[in-house]
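Here the structure comes first, spelled out in structure tokens, and everything after it is commentary.
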Amino acid sequence: MAATRNFISLLQRRWIQTSAASLCSNSSPLSTNSSSSLSSSSSFTVQFLVNSCGLPLKSALSVSKKFQIHEKELQKSLSVLEFLKAHDFNETQIGRLIEKWPRVLLCRVESTLKLKFDFLTQNGFSGQILPPLIVLVPAILNRKVDSCIKPCFEFLKSFLDNNEKLLAAIKRYPWYFTFNFNSALKPNTVFLIKEGVLHDRVAKLILMYPRALQMKPDRMVRVVNSVKKLGLEPKAPVFVHALRVMIGMSESTWKRKIEYMKSLGWTEDEVLLTFKRNPDILACSENKIGRAMDFFVNTVRLGSQTVVANPVLLQYSIDKRVRPRYNVLKVLESKNLIEVNQRVFWLLTTRSEMKFRENYVAKYADKVPGLLEIYRGTVEAKKIDT
């Protein structure tokens, strides 16, 4: 410890000497105009952020408007930098962390940073995993281990059956550590279990759709009741998907979307039946649904009831997937190389890209010059000589 203090004291003396010289030098990153417009403490802060933390001058000036370092705090800030470097933070990550939460430079290493870093590293966030997590959500460093970070970690662990899933959930949504889990996460998950949602499906929400569990508990109750009124049982596999979609929209948006689909020829019963079978259809934007209906009905010439009976068609990208395939099939049909029947929509959507390219593009590329370009969307089908 004595050696460490001596080393930091040496760094402090050298930094003050370097900073003073830099402030008086023409090579200083601060121009004369900039220096004269800054207070002494601001100049000191900017010099430290540029010289020791590696921030660009523009970023340092921005940070200095809301955060100041004084000479008496320099040793603490230097200790923080050394601590971060010892935990595999590179200069870029240190700079980003300071830009997002500059007060990290005033944290006590032993009583604040070390406690959190030790807990995280002991629970799998070691090496190159830890710095990106802290940079993404620096508020973790402003939370207490015993009352926030550890209880949340243990609660998540009770649902996710291995460390790999636990780490994946936290990396996907590190904000878990920044909320009071007793105010939303815990009551919402307990409520879902009580309603009959299976443990592993709550775990799926935690892992894949964490924002759904951060809503206010009273709204969670309302949304669960709304999904149940549609006839979906909490034990059904599709229930959590329906719940996730309904959480993502307001009641007015839900009603507007139903009315929009009715304007396209659907009945309300058909819309609700589709939602109960495949909730993600209602998660599509009105523009996406409208363009898909228009393409399949007016271009492909499928009956609207065929689309209603196969609503999965609405989920595929018209421009990236469906139209290029349709153009290829129509060119091949015009050359009498294939026969396109009423099951064409399956070829347009469900067949994998690899299989479609193999069976309809590569197979006929020699017989139809430009077929690959049509498939890639770089040439219109009508430009091919038929």
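Labels used: A, B, ... for chains in the order of the structure tokens, numbers from 1 for residues in each chain, and numbers from 1 for ligands as shown.
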Practice task
Mind checking which residues fall within 7 Å of Ala292 of chain A, counting only C-alpha atoms, ignoring those fewer than 3 positions away in the same chain, and posting them as a PyMOL selection string?
Solution key: chain A and resi 288-289+295-296+314+318
Handout entry: Selection: 7 Å around segment 219-236 of chain A, only C-alpha atoms, excl. self and same-chain fewer than 4 positions, as a VMD selection string
Key = chain A and resid 188 195 to 198 215 242 to 243 246 to 247 276
Write a file of the selected residues as a compact mmCIF listing (two decimals), in the first residue's frame, keeping N, CA and C atoms.
# COMPACT_ATOMS: atom_id res chain seq x y z
N ASN A 188 -43.76 -7.88 -10.50
CA ASN A 188 -44.31 -8.31 -11.79
C ASN A 188 -44.10 -9.80 -12.03
N GLU A 195 -50.48 -15.86 -11.44
CA GLU A 195 -51.54 -15.96 -12.44
C GLU A 195 -51.50 -17.28 -13.21
N GLY A 196 -50.39 -18.00 -13.11
CA GLY A 196 -50.30 -19.29 -13.78
C GLY A 196 -49.29 -19.36 -14.91
N VAL A 197 -48.56 -18.27 -15.15
CA VAL A 197 -47.51 -18.31 -16.18
C VAL A 197 -46.39 -19.21 -15.67
N LEU A 198 -45.97 -20.14 -16.49
CA LEU A 198 -44.95 -21.10 -16.07
C LEU A 198 -43.61 -20.42 -15.81
N MET A 215 -42.32 -2.37 -16.21
CA MET A 215 -43.48 -1.48 -16.14
C MET A 215 -44.04 -1.44 -14.71
N ALA A 242 -48.18 -12.69 -26.41
CA ALA A 242 -49.30 -11.75 -26.49
C ALA A 242 -49.13 -10.64 -25.46
N LEU A 243 -48.69 -11.02 -24.27
CA LEU A 243 -48.46 -10.04 -23.21
C LEU A 243 -47.41 -9.01 -23.64
N MET A 246 -48.85 -6.58 -26.28
CA MET A 246 -49.81 -5.62 -25.73
C MET A 246 -49.14 -4.60 -24.81
N ILE A 247 -48.09 -5.03 -24.12
CA ILE A 247 -47.34 -4.09 -23.29
C ILE A 247 -46.72 -2.99 -24.14
N LYS A 276 -54.34 -14.13 -31.33
CA LYS A 276 -54.23 -15.24 -30.38
C LYS A 276 -53.32 -16.34 -30.91
Exercise for the section: Fewer than 2 positions away in the same chain doesn't count, so skip those; otherwise give me all residues within 8 Å of segment 98-115 of chain A, counting only C-alpha atoms, as a VMD selection string. Expected result: chain A and resid 59 63 67 73 76 to 81 83 94 to 96 117 to 119 135 138 to 139 141 145
Could you save the residues just selected, with N, CA and C atoms, as a PDB file, in the first residue's frame?
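Full text of result-v2.pdb as output:
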ATOM      1  N   SER A  59     -14.809  17.293 -26.069  1.00  0.00           N
ATOM      2  CA  SER A  59     -15.491  16.518 -25.026  1.00  0.00           C
ATOM      3  C   SER A  59     -15.106  17.014 -23.643  1.00  0.00           C
ATOM      4  N   VAL A  63     -17.639  18.326 -20.754  1.00  0.00           N
ATOM      5  CA  VAL A  63     -17.702  17.730 -19.417  1.00  0.00           C
ATOM      6  C   VAL A  63     -17.441  18.782 -18.347  1.00  0.00           C
ATOM      7  N   PHE A  67     -19.023  19.517 -14.494  1.00  0.00           N
ATOM      8  CA  PHE A  67     -18.213  18.762 -13.534  1.00  0.00           C
ATOM      9  C   PHE A  67     -16.852  19.416 -13.385  1.00  0.00           C
ATOM     10  N   GLU A  73      -8.322  17.175  -5.188  1.00  0.00           N
ATOM     11  CA  GLU A  73      -8.971  15.901  -5.526  1.00  0.00           C
ATOM     12  C   GLU A  73      -8.182  15.105  -6.564  1.00  0.00           C
ATOM     13  N   LYS A  76      -7.192  11.416  -5.787  1.00  0.00           N
ATOM     14  CA  LYS A  76      -8.330  10.499  -5.863  1.00  0.00           C
ATOM     15  C   LYS A  76      -8.640  10.139  -7.311  1.00  0.00           C
ATOM     16  N   SER A  77      -8.621  11.135  -8.196  1.00  0.00           N
ATOM     17  CA  SER A  77      -8.918  10.894  -9.610  1.00  0.00           C
ATOM     18  C   SER A  77      -7.854  10.030 -10.272  1.00  0.00           C
ATOM     19  N   LEU A  78      -6.596  10.276  -9.936  1.00  0.00           N
ATOM     20  CA  LEU A  78      -5.517   9.446 -10.481  1.00  0.00           C
ATOM     21  C   LEU A  78      -5.645   8.003 -10.003  1.00  0.00           C
ATOM     22  N   SER A  79      -6.080   7.829  -8.754  1.00  0.00           N
ATOM     23  CA  SER A  79      -6.283   6.479  -8.218  1.00  0.00           C
ATOM     24  C   SER A  79      -7.389   5.758  -8.981  1.00  0.00           C
ATOM     25  N   VAL A  80      -8.446   6.495  -9.316  1.00  0.00           N
ATOM     26  CA  VAL A  80      -9.548   5.910 -10.090  1.00  0.00           C
ATOM     27  C   VAL A  80      -9.057   5.449 -11.454  1.00  0.00           C
ATOM     28  N   LEU A  81      -8.268   6.288 -12.121  1.00  0.00           N
ATOM     29  CA  LEU A  81      -7.748   5.920 -13.441  1.00  0.00           C
ATOM     30  C   LEU A  81      -6.886   4.665 -13.367  1.00  0.00           C
ATOM     31  N   PHE A  83      -7.066   2.338 -11.156  1.00  0.00           N
ATOM     32  CA  PHE A  83      -7.952   1.213 -10.833  1.00  0.00           C
ATOM     33  C   PHE A  83      -8.654   0.698 -12.090  1.00  0.00           C
ATOM     34  N   ILE A  94     -12.324   4.333 -20.955  1.00  0.00           N
ATOM     35  CA  ILE A  94     -12.232   5.292 -19.847  1.00  0.00           C
ATOM     36  C   ILE A  94     -12.822   6.633 -20.268  1.00  0.00           C
ATOM     37  N   GLY A  95     -12.491   7.072 -21.477  1.00  0.00           N
ATOM     38  CA  GLY A  95     -13.024   8.340 -21.973  1.00  0.00           C
ATOM     39  C   GLY A  95     -14.538   8.332 -22.067  1.00  0.00           C
ATOM     40  N   ARG A  96     -15.098   7.248 -22.602  1.00  0.00           N
ATOM     41  CA  ARG A  96     -16.557   7.158 -22.729  1.00  0.00           C
ATOM     42  C   ARG A  96     -17.238   7.125 -21.369  1.00  0.00           C
ATOM     43  N   PHE A 117     -16.842  -3.831  -8.249  1.00  0.00           N
ATOM     44  CA  PHE A 117     -16.035  -4.588  -9.204  1.00  0.00           C
ATOM     45  C   PHE A 117     -15.782  -6.004  -8.690  1.00  0.00           C
ATOM     46  N   ASP A 118     -15.508  -6.132  -7.397  1.00  0.00           N
ATOM     47  CA  ASP A 118     -15.264  -7.460  -6.827  1.00  0.00           C
ATOM     48  C   ASP A 118     -16.495  -8.345  -6.976  1.00  0.00           C
ATOM     49  N   PHE A 119     -17.669  -7.794  -6.674  1.00  0.00           N
ATOM     50  CA  PHE A 119     -18.895  -8.591  -6.787  1.00  0.00           C
ATOM     51  C   PHE A 119     -19.127  -9.031  -8.229  1.00  0.00           C
ATOM     52  N   VAL A 135     -19.304   0.789 -18.980  1.00  0.00           N
ATOM     53  CA  VAL A 135     -19.396   1.936 -19.894  1.00  0.00           C
ATOM     54  C   VAL A 135     -20.832   2.122 -20.370  1.00  0.00           C
ATOM     55  N   PRO A 138     -23.081   3.169 -16.526  1.00  0.00           N
ATOM     56  CA  PRO A 138     -22.236   3.572 -15.395  1.00  0.00           C
ATOM     57  C   PRO A 138     -23.008   3.756 -14.098  1.00  0.00           C
ATOM     58  N   ALA A 139     -24.336   3.865 -14.192  1.00  0.00           N
ATOM     59  CA  ALA A 139     -25.136   4.024 -12.968  1.00  0.00           C
ATOM     60  C   ALA A 139     -24.986   2.837 -12.033  1.00  0.00           C
ATOM     61  N   LEU A 141     -22.336   1.823 -10.864  1.00  0.00           N
ATOM     62  CA  LEU A 141     -21.349   2.233  -9.863  1.00  0.00           C
ATOM     63  C   LEU A 141     -21.953   3.134  -8.797  1.00  0.00           C
ATOM     64  N   VAL A 145     -24.138  -2.439  -3.301  1.00  0.00           N
ATOM     65  CA  VAL A 145     -24.072  -3.881  -3.567  1.00  0.00           C
ATOM     66  C   VAL A 145     -25.135  -4.630  -2.774  1.00  0.00           C
TER      67      VAL A 145
END
Practice task
Can you list, as a ChimeraX atom specification, all residues belonging to segment 296-354 of chain A that DSSP tags as helix (DSSP H, G or I)?
Solution key: /A:296-299,304-309,311-315,318-334,344-349,353-354
Problem - One-decimal distance in Å that lies between atom CA of Lys66 of chain A and atom CA of Cys148 of chain A - result: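 About the pair atom CA of Cys148 of chain A and atom CA of Lys66 of chain A: they are 27.1 Å apart.
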I'd like the contact shell of Thr299 of chain A - 10 Å cut-off, only C-alpha atoms, skipping same-chain residues fewer than 5 positions apart - returned as a PDB file with C-alpha atoms, in the first residue's frame.
ATOM      1  CA  MET A 293     -51.732  -6.674 -48.126  1.00  0.00           C
ATOM      2  CA  ASP A 294     -51.416  -4.488 -51.231  1.00  0.00           C
ATOM      3  CA  ARG A 323     -40.621  -8.933 -54.212  1.00  0.00           C
ATOM      4  CA  TYR A 326     -41.675 -12.930 -56.956  1.00  0.00           C
TER       5      TYR A 326
END
Problem - Residues near Ile338 of chain A, cut-off 12 Å, only C-alpha atoms, skip fewer than 4 positions along chain, as a VMD selection string - result: chain A and resid 328 to 334 344 359 to 361 363 to 364
Those same residues - N, CA and C atoms - I'd like them written as a PDB file, in the first residue's frame.
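See selection02.pdb below for the written result:
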ATOM      1  N   VAL A 328     -38.272 -13.190 -59.680  1.00  0.00           N
ATOM      2  CA  VAL A 328     -37.573 -14.363 -60.214  1.00  0.00           C
ATOM      3  C   VAL A 328     -38.573 -15.397 -60.711  1.00  0.00           C
ATOM      4  N   LEU A 329     -39.574 -15.694 -59.903  1.00  0.00           N
ATOM      5  CA  LEU A 329     -40.560 -16.719 -60.276  1.00  0.00           C
ATOM      6  C   LEU A 329     -41.340 -16.321 -61.526  1.00  0.00           C
ATOM      7  N   LYS A 330     -41.690 -15.050 -61.651  1.00  0.00           N
ATOM      8  CA  LYS A 330     -42.457 -14.603 -62.829  1.00  0.00           C
ATOM      9  C   LYS A 330     -41.615 -14.691 -64.094  1.00  0.00           C
ATOM     10  N   VAL A 331     -40.327 -14.364 -64.004  1.00  0.00           N
ATOM     11  CA  VAL A 331     -39.450 -14.484 -65.175  1.00  0.00           C
ATOM     12  C   VAL A 331     -39.310 -15.946 -65.578  1.00  0.00           C
ATOM     13  N   LEU A 332     -39.116 -16.829 -64.601  1.00  0.00           N
ATOM     14  CA  LEU A 332     -38.998 -18.258 -64.906  1.00  0.00           C
ATOM     15  C   LEU A 332     -40.289 -18.805 -65.503  1.00  0.00           C
ATOM     16  N   GLU A 333     -41.414 -18.320 -65.006  1.00  0.00           N
ATOM     17  CA  GLU A 333     -42.703 -18.761 -65.552  1.00  0.00           C
ATOM     18  C   GLU A 333     -42.873 -18.273 -66.987  1.00  0.00           C
ATOM     19  N   SER A 334     -42.455 -17.040 -67.257  1.00  0.00           N
ATOM     20  CA  SER A 334     -42.603 -16.490 -68.612  1.00  0.00           C
ATOM     21  C   SER A 334     -41.760 -17.246 -69.626  1.00  0.00           C
ATOM     22  N   VAL A 344     -47.894 -20.289 -54.563  1.00  0.00           N
ATOM     23  CA  VAL A 344     -46.712 -19.462 -54.772  1.00  0.00           C
ATOM     24  C   VAL A 344     -46.284 -18.721 -53.505  1.00  0.00           C
ATOM     25  N   ASN A 359     -32.623 -23.576 -55.745  1.00  0.00           N
ATOM     26  CA  ASN A 359     -33.642 -24.190 -56.600  1.00  0.00           C
ATOM     27  C   ASN A 359     -34.200 -23.280 -57.687  1.00  0.00           C
ATOM     28  N   TYR A 360     -34.087 -21.950 -57.510  1.00  0.00           N
ATOM     29  CA  TYR A 360     -34.728 -21.057 -58.478  1.00  0.00           C
ATOM     30  C   TYR A 360     -33.799 -19.995 -59.063  1.00  0.00           C
ATOM     31  N   VAL A 361     -32.650 -19.784 -58.467  1.00  0.00           N
ATOM     32  CA  VAL A 361     -31.722 -18.792 -59.021  1.00  0.00           C
ATOM     33  C   VAL A 361     -30.518 -19.493 -59.647  1.00  0.00           C
ATOM     34  N   LYS A 363     -30.016 -22.604 -60.223  1.00  0.00           N
ATOM     35  CA  LYS A 363     -30.425 -23.675 -61.141  1.00  0.00           C
ATOM     36  C   LYS A 363     -30.700 -23.164 -62.549  1.00  0.00           C
ATOM     37  N   TYR A 364     -31.240 -21.932 -62.654  1.00  0.00           N
ATOM     38  CA  TYR A 364     -31.636 -21.403 -63.964  1.00  0.00           C
ATOM     39  C   TYR A 364     -30.782 -20.216 -64.416  1.00  0.00           C
TER      40      TYR A 364
END
Practice task
Determine the nearest neighbour of Gly248 of chain A from the options A:Cys284, A:Leu264, A:Leu207, A:Leu185, counting only C-alpha atoms.
Solution key: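 The answer is A:Cys284, which sits nearest to Gly248 of chain A.
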Exercise for the section: Counting only C-alpha atoms, figure out which residue out of A:Thr178, A:Leu130, A:Ser62, A:Glu373 gets nearest to Ala86 of chain A. Expected result: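 Result for the nearest residue to Ala86 of chain A: A:Leu130.
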